[in-house]
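Below is final-v3.pdb, holding PDB, C-alpha atoms.
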```pdb
ATOM      1  CA  MET A   1      14.259  14.352 -32.436
ATOM      2  CA  THR A   2      13.412  17.886 -31.391
ATOM      3  CA  LYS A   3      15.294  20.994 -32.394
ATOM      4  CA  HIS A   4      16.884  21.238 -28.977
ATOM      5  CA  ASP A   5      18.806  18.014 -29.043
ATOM      6  CA  HIS A   6      19.976  18.321 -32.610
ATOM      7  CA  HIS A   7      23.709  17.752 -32.841
ATOM      8  CA  GLU A   8      26.132  19.514 -35.117
ATOM      9  CA  HIS A   9      27.681  16.774 -37.169
ATOM     10  CA  GLY A  10      29.482  18.845 -39.761
ATOM     11  CA  ASP A  11      31.490  16.590 -42.042
ATOM     12  CA  HIS A  12      31.903  13.838 -39.534
ATOM     13  CA  SER A  13      30.262  10.548 -40.174
ATOM     14  CA  HIS A  14      27.778   9.434 -37.567
ATOM     15  CA  HIS A  15      29.744   7.011 -35.409
ATOM     16  CA  PRO A  16      27.885   5.619 -32.475
ATOM     17  CA  GLU A  17      29.453   6.369 -29.145
ATOM     18  CA  ALA A  18      30.924   3.350 -27.419
ATOM     19  CA  PRO A  19      28.626   2.121 -24.665
ATOM     20  CA  SER A  20      29.801   2.237 -21.065
ATOM     21  CA  ASP A  21      30.601  -1.051 -19.342
ATOM     22  CA  ILE A  22      27.245  -1.316 -17.701
ATOM     23  CA  GLU A  23      25.446  -0.447 -20.942
ATOM     24  CA  ALA A  24      27.505  -3.111 -22.730
ATOM     25  CA  ARG A  25      26.543  -5.684 -20.082
ATOM     26  CA  THR A  26      22.883  -4.798 -20.497
ATOM     27  CA  LEU A  27      23.121  -4.997 -24.299
ATOM     28  CA  ALA A  28      24.927  -8.334 -24.014
ATOM     29  CA  LEU A  29      22.170  -9.771 -21.841
ATOM     30  CA  GLU A  30      19.312  -8.500 -23.941
ATOM     31  CA  SER A  31      20.843  -9.679 -27.233
ATOM     32  CA  LEU A  32      21.687 -13.131 -25.823
ATOM     33  CA  LEU A  33      18.223 -13.583 -24.313
ATOM     34  CA  ILE A  34      16.662 -12.590 -27.634
ATOM     35  CA  GLU A  35      18.866 -15.063 -29.533
ATOM     36  CA  LYS A  36      17.914 -17.804 -27.116
ATOM     37  CA  GLY A  37      14.269 -17.063 -27.769
ATOM     38  CA  LEU A  38      13.578 -16.157 -24.125
ATOM     39  CA  LEU A  39      12.259 -12.670 -24.731
ATOM     40  CA  THR A  40      11.764  -9.998 -27.381
ATOM     41  CA  SER A  41      12.578  -6.302 -27.295
ATOM     42  CA  GLU A  42       8.838  -5.646 -27.502
ATOM     43  CA  ASP A  43       8.279  -7.671 -24.319
ATOM     44  CA  VAL A  44      10.740  -5.432 -22.527
ATOM     45  CA  ASP A  45       9.161  -2.251 -23.959
ATOM     46  CA  ARG A  46       5.745  -3.376 -22.829
ATOM     47  CA  ILE A  47       6.911  -3.999 -19.255
ATOM     48  CA  ILE A  48       8.725  -0.682 -19.008
ATOM     49  CA  SER A  49       5.673   1.271 -20.084
ATOM     50  CA  ALA A  50       3.353  -0.676 -17.790
ATOM     51  CA  TYR A  51       5.529  -0.079 -14.746
ATOM     52  CA  GLU A  52       6.785   3.379 -15.563
ATOM     53  CA  HIS A  53       3.277   4.689 -15.131
ATOM     54  CA  ASP A  54       2.093   2.440 -12.346
ATOM     55  CA  ILE A  55       2.456   5.544 -10.207
ATOM     56  CA  GLY A  56       2.571   4.449  -6.697
ATOM     57  CA  PRO A  57      -0.658   3.538  -5.041
ATOM     58  CA  MET A  58       2.115   1.767  -3.132
ATOM     59  CA  ILE A  59       2.264   4.400  -0.407
ATOM     60  CA  GLY A  60      -1.460   4.212   0.240
ATOM     61  CA  ALA A  61      -1.324   0.410   0.234
ATOM     62  CA  ARG A  62       1.405   0.380   2.851
ATOM     63  CA  VAL A  63      -0.503   2.834   5.003
ATOM     64  CA  VAL A  64      -3.585   0.600   4.826
ATOM     65  CA  ALA A  65      -1.600  -2.547   5.596
ATOM     66  CA  HIS A  66      -0.008  -0.892   8.617
ATOM     67  CA  ALA A  67      -3.400   0.286   9.862
ATOM     68  CA  TRP A  68      -4.679  -3.283   9.580
ATOM     69  CA  VAL A  69      -2.005  -4.718  11.827
ATOM     70  CA  ASP A  70      -1.639  -1.853  14.303
ATOM     71  CA  LEU A  71      -4.904  -0.670  15.802
ATOM     72  CA  ASP A  72      -3.349   2.326  17.554
ATOM     73  CA  TYR A  73      -1.947   3.425  14.220
ATOM     74  CA  ARG A  74      -5.344   2.961  12.643
ATOM     75  CA  ALA A  75      -6.868   5.317  15.220
ATOM     76  CA  ARG A  76      -4.191   7.926  14.496
ATOM     77  CA  LEU A  77      -4.704   7.532  10.737
ATOM     78  CA  LEU A  78      -8.442   8.089  11.008
ATOM     79  CA  ASN A  79      -7.883  11.052  13.289
ATOM     80  CA  ASP A  80      -5.174  12.831  11.284
ATOM     81  CA  GLY A  81      -4.337  11.257   7.912
ATOM     82  CA  PRO A  82      -1.400  13.441   6.863
ATOM     83  CA  ALA A  83       0.336  13.112  10.261
ATOM     84  CA  ALA A  84      -0.062   9.331  10.225
ATOM     85  CA  ILE A  85       1.312   9.118   6.685
ATOM     86  CA  ARG A  86       4.334  11.221   7.642
ATOM     87  CA  GLU A  87       4.797   8.974  10.656
ATOM     88  CA  LEU A  88       5.613   6.120   8.231
ATOM     89  CA  GLY A  89       8.290   8.257   6.603
ATOM     90  CA  TYR A  90       6.378   9.428   3.525
ATOM     91  CA  ASP A  91       5.967  13.010   2.410
ATOM     92  CA  TYR A  92       2.521  14.449   2.498
ATOM     93  CA  PRO A  93       2.086  18.013   1.247
ATOM     94  CA  ALA A  94       1.073  20.436   3.969
ATOM     95  CA  SER A  95      -1.235  22.384   1.662
ATOM     96  CA  THR A  96      -3.935  19.727   1.276
ATOM     97  CA  GLY A  97      -5.970  17.940   3.865
ATOM     98  CA  LEU A  98      -6.626  14.239   3.738
ATOM     99  CA  ALA A  99      -9.457  12.428   5.443
ATOM    100  CA  VAL A 100      -9.233   8.663   5.748
ATOM    101  CA  LEU A 101     -12.589   6.881   5.655
ATOM    102  CA  GLU A 102     -12.967   3.478   7.249
ATOM    103  CA  SER A 103     -15.195   1.070   5.345
ATOM    104  CA  THR A 104     -16.826  -1.572   7.524
ATOM    105  CA  LYS A 105     -19.415  -4.329   7.227
ATOM    106  CA  GLU A 106     -22.103  -1.668   7.692
ATOM    107  CA  VAL A 107     -20.770   1.273   5.689
ATOM    108  CA  HIS A 108     -19.000   1.385   2.351
ATOM    109  CA  HIS A 109     -17.200   4.597   1.408
ATOM    110  CA  MET A 110     -16.462   5.699  -2.109
ATOM    111  CA  VAL A 111     -14.710   8.792  -3.393
ATOM    112  CA  VAL A 112     -15.389  11.069  -6.337
ATOM    113  CA  CYS A 113     -14.597  14.586  -7.372
ATOM    114  CA  THR A 114     -17.728  15.944  -8.996
ATOM    115  CA  LEU A 115     -16.217  19.268 -10.053
ATOM    116  CA  CYS A 116     -12.885  18.272 -11.488
ATOM    117  CA  SER A 117     -10.420  15.582 -10.549
ATOM    118  CA  CYS A 118      -9.190  16.274  -7.025
ATOM    119  CA  TYR A 119      -7.378  13.163  -5.945
ATOM    120  CA  PRO A 120      -4.969  12.236  -3.154
ATOM    121  CA  TRP A 121      -2.057  11.750  -5.553
ATOM    122  CA  ALA A 122       0.475  11.914  -2.741
ATOM    123  CA  VAL A 123      -0.759   8.529  -1.559
ATOM    124  CA  LEU A 124      -2.394   7.112  -4.680
ATOM    125  CA  GLY A 125      -0.307   8.484  -7.545
ATOM    126  CA  LEU A 126      -1.981   9.939 -10.620
ATOM    127  CA  PRO A 127      -5.712   9.363 -10.992
ATOM    128  CA  PRO A 128      -6.978   6.728 -13.416
ATOM    129  CA  THR A 129      -8.649   8.033 -16.554
ATOM    130  CA  TRP A 130     -12.108   6.904 -15.514
ATOM    131  CA  TYR A 131     -11.896   8.916 -12.282
ATOM    132  CA  LYS A 132     -11.720  12.081 -14.374
ATOM    133  CA  SER A 133     -14.499  11.038 -16.749
ATOM    134  CA  ALA A 134     -17.820  12.889 -16.725
ATOM    135  CA  PRO A 135     -19.929   9.706 -16.341
ATOM    136  CA  TYR A 136     -18.095   8.573 -13.197
ATOM    137  CA  ARG A 137     -18.207  12.060 -11.709
ATOM    138  CA  SER A 138     -21.959  12.362 -12.105
ATOM    139  CA  ARG A 139     -23.084   8.745 -11.733
ATOM    140  CA  ALA A 140     -21.090   8.062  -8.561
ATOM    141  CA  VAL A 141     -23.400  10.525  -6.822
ATOM    142  CA  VAL A 142     -26.676   9.653  -8.538
ATOM    143  CA  GLU A 143     -26.433   5.864  -8.627
ATOM    144  CA  PRO A 144     -23.428   4.757  -6.581
ATOM    145  CA  ARG A 145     -24.616   1.176  -6.140
ATOM    146  CA  LYS A 146     -24.965   0.712  -9.867
ATOM    147  CA  VAL A 147     -21.509   2.155 -10.463
ATOM    148  CA  LEU A 148     -20.079  -0.153  -7.795
ATOM    149  CA  GLU A 149     -21.742  -3.132  -9.435
ATOM    150  CA  GLU A 150     -20.114  -2.224 -12.709
ATOM    151  CA  PHE A 151     -16.773  -2.236 -10.900
ATOM    152  CA  GLY A 152     -17.650  -5.712  -9.627
ATOM    153  CA  VAL A 153     -18.637  -4.737  -6.094
ATOM    154  CA  ALA A 154     -22.075  -6.097  -5.192
ATOM    155  CA  LEU A 155     -23.154  -4.676  -1.848
ATOM    156  CA  PRO A 156     -25.963  -6.215   0.226
ATOM    157  CA  ALA A 157     -28.923  -3.856   0.648
ATOM    158  CA  ASP A 158     -28.209  -3.384   4.362
ATOM    159  CA  VAL A 159     -24.768  -1.897   3.714
ATOM    160  CA  SER A 160     -25.028   1.845   3.356
ATOM    161  CA  VAL A 161     -22.982   3.652   0.747
ATOM    162  CA  ASN A 162     -21.389   6.992   1.514
ATOM    163  CA  VAL A 163     -20.091   8.990  -1.423
ATOM    164  CA  TRP A 164     -17.524  11.662  -0.616
ATOM    165  CA  ASP A 165     -16.880  14.604  -2.907
ATOM    166  CA  SER A 166     -13.222  15.648  -2.924
ATOM    167  CA  SER A 167     -12.130  19.240  -3.132
ATOM    168  CA  SER A 168      -8.794  20.908  -3.533
ATOM    169  CA  ASP A 169      -8.683  21.534   0.236
ATOM    170  CA  LEU A 170      -9.789  18.131   1.420
ATOM    171  CA  ARG A 171      -9.189  14.836  -0.314
ATOM    172  CA  TYR A 172     -10.260  11.378   0.699
ATOM    173  CA  MET A 173      -8.780   7.947   0.857
ATOM    174  CA  VAL A 174     -10.679   4.820   1.805
ATOM    175  CA  LEU A 175      -9.364   2.428   4.431
ATOM    176  CA  PRO A 176     -10.978  -0.794   3.235
ATOM    177  CA  GLU A 177     -11.952  -3.616   5.536
ATOM    178  CA  ARG A 178      -9.282  -6.249   6.014
ATOM    179  CA  PRO A 179     -10.525  -9.379   4.252
ATOM    180  CA  GLU A 180     -10.917 -12.675   6.050
ATOM    181  CA  GLY A 181      -8.278 -15.270   5.323
ATOM    182  CA  THR A 182      -5.378 -12.848   5.813
ATOM    183  CA  GLU A 183      -4.606 -13.716   9.418
ATOM    184  CA  GLY A 184      -0.900 -13.850  10.118
ATOM    185  CA  TRP A 185       0.085 -12.143   6.841
ATOM    186  CA  THR A 186       3.018  -9.760   6.813
ATOM    187  CA  GLU A 187       2.428  -6.106   6.048
ATOM    188  CA  GLU A 188       4.086  -6.612   2.691
ATOM    189  CA  GLN A 189       1.698  -9.410   1.790
ATOM    190  CA  LEU A 190      -1.224  -7.300   2.940
ATOM    191  CA  ALA A 191      -0.099  -4.223   1.000
ATOM    192  CA  ALA A 192       0.031  -6.327  -2.164
ATOM    193  CA  ILE A 193      -3.740  -6.899  -2.124
ATOM    194  CA  VAL A 194      -4.623  -3.229  -1.556
ATOM    195  CA  SER A 195      -5.116  -1.815  -5.023
ATOM    196  CA  ARG A 196      -5.614   1.792  -5.954
ATOM    197  CA  ASP A 197      -9.289   1.064  -6.659
ATOM    198  CA  CYS A 198      -9.738  -0.281  -3.109
ATOM    199  CA  MET A 199      -8.579   3.062  -1.752
ATOM    200  CA  ILE A 200     -10.953   4.989  -4.029
ATOM    201  CA  GLY A 201     -13.685   2.692  -2.788
ATOM    202  CA  VAL A 202     -14.667   1.051  -6.072
ATOM    203  CA  ALA A 203     -13.129  -2.313  -5.215
ATOM    204  CA  ARG A 204     -12.524  -4.438  -2.161
ATOM    205  CA  PRO A 205      -9.274  -6.216  -1.379
ATOM    206  CA  GLN A 206      -9.356  -9.759  -2.715
ATOM    207  CA  VAL A 207      -7.516 -12.705  -1.244
ATOM    208  CA  PRO A 208      -5.962 -14.597  -4.152
ATOM    209  CA  ALA A 209      -7.164 -18.150  -4.719
ATOM    210  CA  GLU A 210      -3.795 -19.656  -3.821
ATOM    211  CA  ALA A 211      -4.152 -17.959  -0.423
ATOM    212  CA  ASN A 212      -1.722 -20.160   1.490
ATOM    213  CA  ARG A 213       1.257 -18.009   0.580
TER
ATOM    214  CA  MET B   1      -1.833  -4.076 -21.580
ATOM    215  CA  SER B   2       0.501  -5.540 -19.025
ATOM    216  CA  LYS B   3      -0.584  -5.921 -15.467
ATOM    217  CA  VAL B   4       1.653  -4.526 -12.771
ATOM    218  CA  ASP B   5       2.678  -7.232 -10.296
ATOM    219  CA  PRO B   6       2.274  -5.758  -6.793
ATOM    220  CA  ARG B   7       5.163  -7.863  -5.476
ATOM    221  CA  ILE B   8       7.411  -6.044  -7.905
ATOM    222  CA  ALA B   9       5.884  -2.584  -7.553
ATOM    223  CA  ASN B  10       5.947  -2.889  -3.751
ATOM    224  CA  LEU B  11       9.505  -4.162  -3.349
ATOM    225  CA  ASP B  12      10.777  -2.986  -0.010
ATOM    226  CA  ARG B  13      13.205  -3.663   2.835
ATOM    227  CA  GLY B  14      15.960  -1.629   1.227
ATOM    228  CA  ALA B  15      15.178  -2.990  -2.247
ATOM    229  CA  ALA B  16      12.474  -0.441  -3.104
ATOM    230  CA  LEU B  17      12.475   0.712  -6.738
ATOM    231  CA  PRO B  18      13.716   4.287  -7.229
ATOM    232  CA  ARG B  19      10.714   6.582  -7.594
ATOM    233  CA  LYS B  20       9.801  10.212  -7.890
ATOM    234  CA  ASN B  21       6.280  11.322  -6.995
ATOM    235  CA  GLY B  22       5.428   7.653  -6.929
ATOM    236  CA  GLU B  23       6.573   7.007 -10.504
ATOM    237  CA  LEU B  24       9.464   4.747 -11.357
ATOM    238  CA  VAL B  25      12.570   6.627 -12.376
ATOM    239  CA  PHE B  26      15.118   5.311 -14.854
ATOM    240  CA  LYS B  27      18.161   7.546 -15.015
ATOM    241  CA  ALA B  28      19.336   6.015 -18.289
ATOM    242  CA  PRO B  29      17.748   3.756 -20.905
ATOM    243  CA  TRP B  30      19.817   0.723 -19.836
ATOM    244  CA  GLU B  31      18.186   0.877 -16.398
ATOM    245  CA  GLY B  32      14.772   0.493 -17.985
ATOM    246  CA  ARG B  33      15.990  -2.397 -20.169
ATOM    247  CA  ALA B  34      17.480  -4.139 -17.129
ATOM    248  CA  PHE B  35      14.252  -3.654 -15.201
ATOM    249  CA  GLY B  36      12.110  -4.901 -18.096
ATOM    250  CA  MET B  37      14.176  -8.024 -18.766
ATOM    251  CA  VAL B  38      13.966  -9.179 -15.158
ATOM    252  CA  VAL B  39      10.207  -8.697 -15.090
ATOM    253  CA  VAL B  40       9.630 -10.400 -18.463
ATOM    254  CA  LEU B  41      11.583 -13.514 -17.529
ATOM    255  CA  ASN B  42       9.825 -13.630 -14.173
ATOM    256  CA  GLU B  43       6.468 -13.500 -15.988
ATOM    257  CA  LYS B  44       7.618 -16.299 -18.241
ATOM    258  CA  GLY B  45       8.464 -18.400 -15.212
ATOM    259  CA  ALA B  46      12.239 -18.550 -15.694
ATOM    260  CA  TYR B  47      12.644 -18.181 -11.909
ATOM    261  CA  ALA B  48      10.561 -17.413  -8.872
ATOM    262  CA  TRP B  49      10.308 -13.726  -8.005
ATOM    263  CA  ASP B  50      11.679 -14.322  -4.511
ATOM    264  CA  GLU B  51      14.844 -15.825  -5.975
ATOM    265  CA  PHE B  52      15.549 -12.599  -7.789
ATOM    266  CA  ARG B  53      14.542 -10.458  -4.873
ATOM    267  CA  ALA B  54      16.852 -12.282  -2.463
ATOM    268  CA  ARG B  55      19.807 -11.729  -4.811
ATOM    269  CA  LEU B  56      18.896  -8.083  -5.291
ATOM    270  CA  VAL B  57      18.788  -7.518  -1.538
ATOM    271  CA  GLU B  58      22.181  -9.215  -1.216
ATOM    272  CA  GLU B  59      23.710  -7.141  -4.008
ATOM    273  CA  ILE B  60      22.386  -3.933  -2.514
ATOM    274  CA  ALA B  61      23.783  -4.884   0.880
ATOM    275  CA  GLU B  62      27.298  -5.509  -0.362
ATOM    276  CA  GLY B  63      27.515  -3.932  -3.787
ATOM    277  CA  SER B  64      27.326  -0.609  -5.547
ATOM    278  CA  PRO B  65      25.207   2.211  -4.166
ATOM    279  CA  GLU B  66      23.638   2.512  -7.631
ATOM    280  CA  TYR B  67      20.340   0.664  -7.476
ATOM    281  CA  TYR B  68      20.199  -0.624 -11.035
ATOM    282  CA  GLU B  69      23.835  -1.737 -10.987
ATOM    283  CA  SER B  70      22.887  -4.036  -8.127
ATOM    284  CA  TRP B  71      19.806  -5.022 -10.085
ATOM    285  CA  LEU B  72      21.822  -5.961 -13.164
ATOM    286  CA  SER B  73      24.411  -7.895 -11.128
ATOM    287  CA  ALA B  74      21.635  -9.844  -9.400
ATOM    288  CA  PHE B  75      20.098 -10.657 -12.794
ATOM    289  CA  GLU B  76      23.415 -11.795 -14.276
ATOM    290  CA  SER B  77      24.224 -14.081 -11.367
ATOM    291  CA  LEU B  78      20.717 -15.557 -11.415
ATOM    292  CA  LEU B  79      20.894 -16.346 -15.145
ATOM    293  CA  ILE B  80      24.386 -17.780 -14.832
ATOM    294  CA  ASP B  81      23.383 -20.028 -11.919
ATOM    295  CA  HIS B  82      20.323 -21.208 -13.820
ATOM    296  CA  GLY B  83      22.517 -22.024 -16.796
ATOM    297  CA  VAL B  84      20.640 -19.625 -19.067
ATOM    298  CA  VAL B  85      23.825 -17.806 -20.072
ATOM    299  CA  SER B  86      27.455 -18.586 -19.358
ATOM    300  CA  VAL B  87      30.006 -16.251 -17.839
ATOM    301  CA  ASP B  88      32.084 -16.597 -21.015
ATOM    302  CA  GLU B  89      29.442 -15.750 -23.564
ATOM    303  CA  LEU B  90      28.256 -12.840 -21.449
ATOM    304  CA  GLY B  91      31.773 -11.447 -21.104
ATOM    305  CA  ARG B  92      32.554 -11.933 -24.782
ATOM    306  CA  ARG B  93      29.334 -10.322 -25.926
ATOM    307  CA  ALA B  94      29.737  -7.355 -23.549
ATOM    308  CA  SER B  95      33.254  -6.637 -24.810
ATOM    309  CA  GLU B  96      32.014  -6.803 -28.421
ATOM    310  CA  TYR B  97      29.545  -4.070 -27.575
ATOM    311  CA  ALA B  98      32.009  -2.038 -25.533
ATOM    312  CA  SER B  99      34.508  -2.063 -28.414
ATOM    313  CA  LEU B 100      31.816  -1.338 -31.024
ATOM    314  CA  GLU B 101      32.570  -4.582 -32.844
ATOM    315  CA  ARG B 102      28.868  -5.098 -32.494
ATOM    316  CA  ASP B 103      26.311  -2.420 -33.292
ATOM    317  CA  PRO B 104      24.593  -1.367 -30.042
ATOM    318  CA  VAL B 105      21.388  -0.620 -31.960
ATOM    319  CA  PHE B 106      19.319  -3.705 -32.597
TER
END
```

Starting from the file, give its structure as structure tokens.
Amino acid sequence: MTKHDHHEHGDHSHHPEAPSDIEARTLALESLLIEKGLLTSEDVDRIISAYEHDIGPMIGARVVAHAWVDLDYRARLLNDGPAAIRELGYDYPASTGLAVLESTKEVHHMVVCTLCSCYPWAVLGLPPTWYKSAPYRSRAVVEPRKVLEEFGVALPADVSVNVWDSSSDLRYMVLPERPEGTEGWTEEQLAAIVSRDCMIGVARPQVPAEANR
Amino acid sequence: MSKVDPRIANLDRGAALPRKNGELVFKAPWEGRAFGMVVVLNEKGAYAWDEFRARLVEEIAEGSPEYYESWLSAFESLLIDHGVVSVDELGRRASEYASLERDPVF
């Protein structure tokens, strides 16, 4: 407890405040599920902290999925990223530019910020810790293929690798290639396989093994 | 470290999780507990994710404008229909908490 939320209790004993109806319903559920051995409070804590900071690469994933199914949209996205993102109803701050880079069978794009940690947070959320680390920032430029291998991306020698250095004025997001085996998928299904790392260019979208969803 | 399930993080069609700057927002601790319980039991295979999602969408369509109230109602009805908890025990337990017969800190 910090100084600011310290309560004056005076002589009163410390009675808990009665929970509201909805709080009581939530407490009832959690206590019953614990008694039945179906979950623990720690399970719930763990989920909350995992999701609370998942920090929406969701917007970027939806933009990518839409660009995969709508080729006109893809052209607009590559031409003017912020406008295309706003077109889908998301905010994109006017103060920073965003270039969208299309990875293909011939060219693989990957993004770094060598000076600091410029990152398109408006579409990808907060940057992962490794993105801000000194080794990634220097090695992505010096030995990008090796770094990609460490991320599990093995590129054939005939695929060229372009490394893009973000700045505070211009940030980058990768539009990965749509994987085979995703024909007929809905945009929601497609968005689910576009991870943050795919849009930084250190991973490629993977079709799950049980692909007949 | 728990892995974030993209089907949950990317809920949409009117059922999108409340967010600010991309991060999930819980306006009160009970909202986080309600969120966490649904995800834990889904991970443990108590129901298929789509079952919960369909109920959530329904609740949002006809229920309270408060997102997590719809969420909690969807969870309750799912557990009741699966026979995990009964309407009676849930009601009894909730009134014990509401009347402070039971200590809300556990």

Using all atoms listed in the file, find the residues of chain B whose closest atom to chain A is at most 7 Å away, then write them as a ChimeraX atom specification.
/B:2-4,6-7,10,22-24,30,32-34,36-37,40,90,93-94,97-100,104

Write a file of the selected residues as a PDB file, in the coordinates of the input, keeping C-alpha atoms.
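Contents of the output file out33.pdb:
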```pdb
ATOM      1  CA  SER B   2       0.501  -5.540 -19.025  1.00  0.00           C
ATOM      2  CA  LYS B   3      -0.584  -5.921 -15.467  1.00  0.00           C
ATOM      3  CA  VAL B   4       1.653  -4.526 -12.771  1.00  0.00           C
ATOM      4  CA  PRO B   6       2.274  -5.758  -6.793  1.00  0.00           C
ATOM      5  CA  ARG B   7       5.163  -7.863  -5.476  1.00  0.00           C
ATOM      6  CA  ASN B  10       5.947  -2.889  -3.751  1.00  0.00           C
ATOM      7  CA  GLY B  22       5.428   7.653  -6.929  1.00  0.00           C
ATOM      8  CA  GLU B  23       6.573   7.007 -10.504  1.00  0.00           C
ATOM      9  CA  LEU B  24       9.464   4.747 -11.357  1.00  0.00           C
ATOM     10  CA  TRP B  30      19.817   0.723 -19.836  1.00  0.00           C
ATOM     11  CA  GLY B  32      14.772   0.493 -17.985  1.00  0.00           C
ATOM     12  CA  ARG B  33      15.990  -2.397 -20.169  1.00  0.00           C
ATOM     13  CA  ALA B  34      17.480  -4.139 -17.129  1.00  0.00           C
ATOM     14  CA  GLY B  36      12.110  -4.901 -18.096  1.00  0.00           C
ATOM     15  CA  MET B  37      14.176  -8.024 -18.766  1.00  0.00           C
ATOM     16  CA  VAL B  40       9.630 -10.400 -18.463  1.00  0.00           C
ATOM     17  CA  LEU B  90      28.256 -12.840 -21.449  1.00  0.00           C
ATOM     18  CA  ARG B  93      29.334 -10.322 -25.926  1.00  0.00           C
ATOM     19  CA  ALA B  94      29.737  -7.355 -23.549  1.00  0.00           C
ATOM     20  CA  TYR B  97      29.545  -4.070 -27.575  1.00  0.00           C
ATOM     21  CA  ALA B  98      32.009  -2.038 -25.533  1.00  0.00           C
ATOM     22  CA  SER B  99      34.508  -2.063 -28.414  1.00  0.00           C
ATOM     23  CA  LEU B 100      31.816  -1.338 -31.024  1.00  0.00           C
ATOM     24  CA  PRO B 104      24.593  -1.367 -30.042  1.00  0.00           C
TER      25      PRO B 104
END
```

Please put the answer as AutoDock Vina command-line options: centre and edge lengths, in Å with one decimal, of a box along x, y and z that encloses all listed atoms of stretch 63-66 of chain A plus 6 Å on each side.
```
--center_x -1.8 --center_y 0.1 --center_z 6.7 --size_x 15.6 --size_y 17.4 --size_z 15.8
```

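Considering only C-alpha atoms, the residue among B:Glu51, B:Gly91, B:Glu62, B:Ala28 positioned nearest to B:Leu78 is B:Glu51.
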
The distance between atom CA of A:Leu115 and atom CA of A:Arg204 is 25.3 Å

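Against the coordinates shown, the PyMOL selection byres ((chain B and resi 55) around 9) returns Asp50, Glu51, Phe52, Arg53, Ala54, Leu56, Val57, Glu58, Glu59, Ile60, Ser70, Trp71, Ser73, Ala74, Phe75, Ser77 and Leu78 of chain B.
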
Pull out every residue that the PyMOL selection byres ((chain A and resi 85) around 12) matches in the shown coordinates and put them as a short mmCIF file (atom, residue, chain, number, x, y, z; two decimals) with C-alpha atoms, keeping the file's coordinate frame.
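Written output follows (part_38.cif):
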```
data_model
loop_
_atom_site.label_atom_id
_atom_site.label_comp_id
_atom_site.auth_asym_id
_atom_site.auth_seq_id
_atom_site.Cartn_x
_atom_site.Cartn_y
_atom_site.Cartn_z
CA ILE A 59 2.26 4.40 -0.41
CA GLY A 60 -1.46 4.21 0.24
CA ALA A 61 -1.32 0.41 0.23
CA ARG A 62 1.40 0.38 2.85
CA VAL A 63 -0.50 2.83 5.00
CA VAL A 64 -3.58 0.60 4.83
CA HIS A 66 -0.01 -0.89 8.62
CA ALA A 67 -3.40 0.29 9.86
CA TYR A 73 -1.95 3.42 14.22
CA ARG A 74 -5.34 2.96 12.64
CA ARG A 76 -4.19 7.93 14.50
CA LEU A 77 -4.70 7.53 10.74
CA LEU A 78 -8.44 8.09 11.01
CA ASN A 79 -7.88 11.05 13.29
CA ASP A 80 -5.17 12.83 11.28
CA GLY A 81 -4.34 11.26 7.91
CA PRO A 82 -1.40 13.44 6.86
CA ALA A 83 0.34 13.11 10.26
CA ALA A 84 -0.06 9.33 10.22
CA ARG A 86 4.33 11.22 7.64
CA GLU A 87 4.80 8.97 10.66
CA LEU A 88 5.61 6.12 8.23
CA GLY A 89 8.29 8.26 6.60
CA TYR A 90 6.38 9.43 3.52
CA ASP A 91 5.97 13.01 2.41
CA TYR A 92 2.52 14.45 2.50
CA PRO A 93 2.09 18.01 1.25
CA ALA A 94 1.07 20.44 3.97
CA GLY A 97 -5.97 17.94 3.86
CA LEU A 98 -6.63 14.24 3.74
CA ALA A 99 -9.46 12.43 5.44
CA VAL A 100 -9.23 8.66 5.75
CA ALA A 122 0.48 11.91 -2.74
CA VAL A 123 -0.76 8.53 -1.56
CA MET A 173 -8.78 7.95 0.86
#
```

Pick the closest to B:Glu76 from B:Gly45, B:Phe26, B:Val38, B:Gly14: which is it, counting all atoms listed in the file?
B:Val38

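Computed from the coordinates, the atom CA of A:Tyr131 to atom CA of A:Cys118 distance equals 9.4 Å.
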
May I ask for the distance between atom CA of B:Asp81 and atom CA of B:Tyr47, given in Å to one decimal place?
10.9 Å

Determine the residue set returned by the PyMOL selection byres ((chain A and resi 175) around 7) for the present structure, and present it as a tab-separated table (two decimals) with C-alpha atoms, in the coordinates of the input.
```tsv
chain	number	residue	atom	x	y	z
A	64	VAL	CA	-3.58	0.60	4.83
A	100	VAL	CA	-9.23	8.66	5.75
A	101	LEU	CA	-12.59	6.88	5.66
A	102	GLU	CA	-12.97	3.48	7.25
A	103	SER	CA	-15.20	1.07	5.34
A	173	MET	CA	-8.78	7.95	0.86
A	174	VAL	CA	-10.68	4.82	1.80
A	176	PRO	CA	-10.98	-0.79	3.24
A	177	GLU	CA	-11.95	-3.62	5.54
A	199	MET	CA	-8.58	3.06	-1.75
```

For each of B:Glu69, B:Asp12, B:Glu43, B:Asp5, take the minimum atom-to-atom distance to B:Glu31, counting all atoms listed in the file, then give the residue where this is smallest.
B:Glu69

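Nearest to B:Arg13 of all the residues B:Asp103, B:His82, B:Glu96, B:Ala61 is B:Ala61, based on all atoms listed in the file.
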
Anything within 12 Å of (-20.0, 11.6, -11.4): list those residues as a PyMOL selection string, counting only C-alpha atoms and sticking to the file's coordinates.
chain A and resi 110-117+130-144+147+163-166

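Using all atoms listed in the file for every distance, the candidate list A:Glu106, A:Asp70, A:Glu149, A:Glu35 yields A:Asp70 as the residue closest to A:Glu187.
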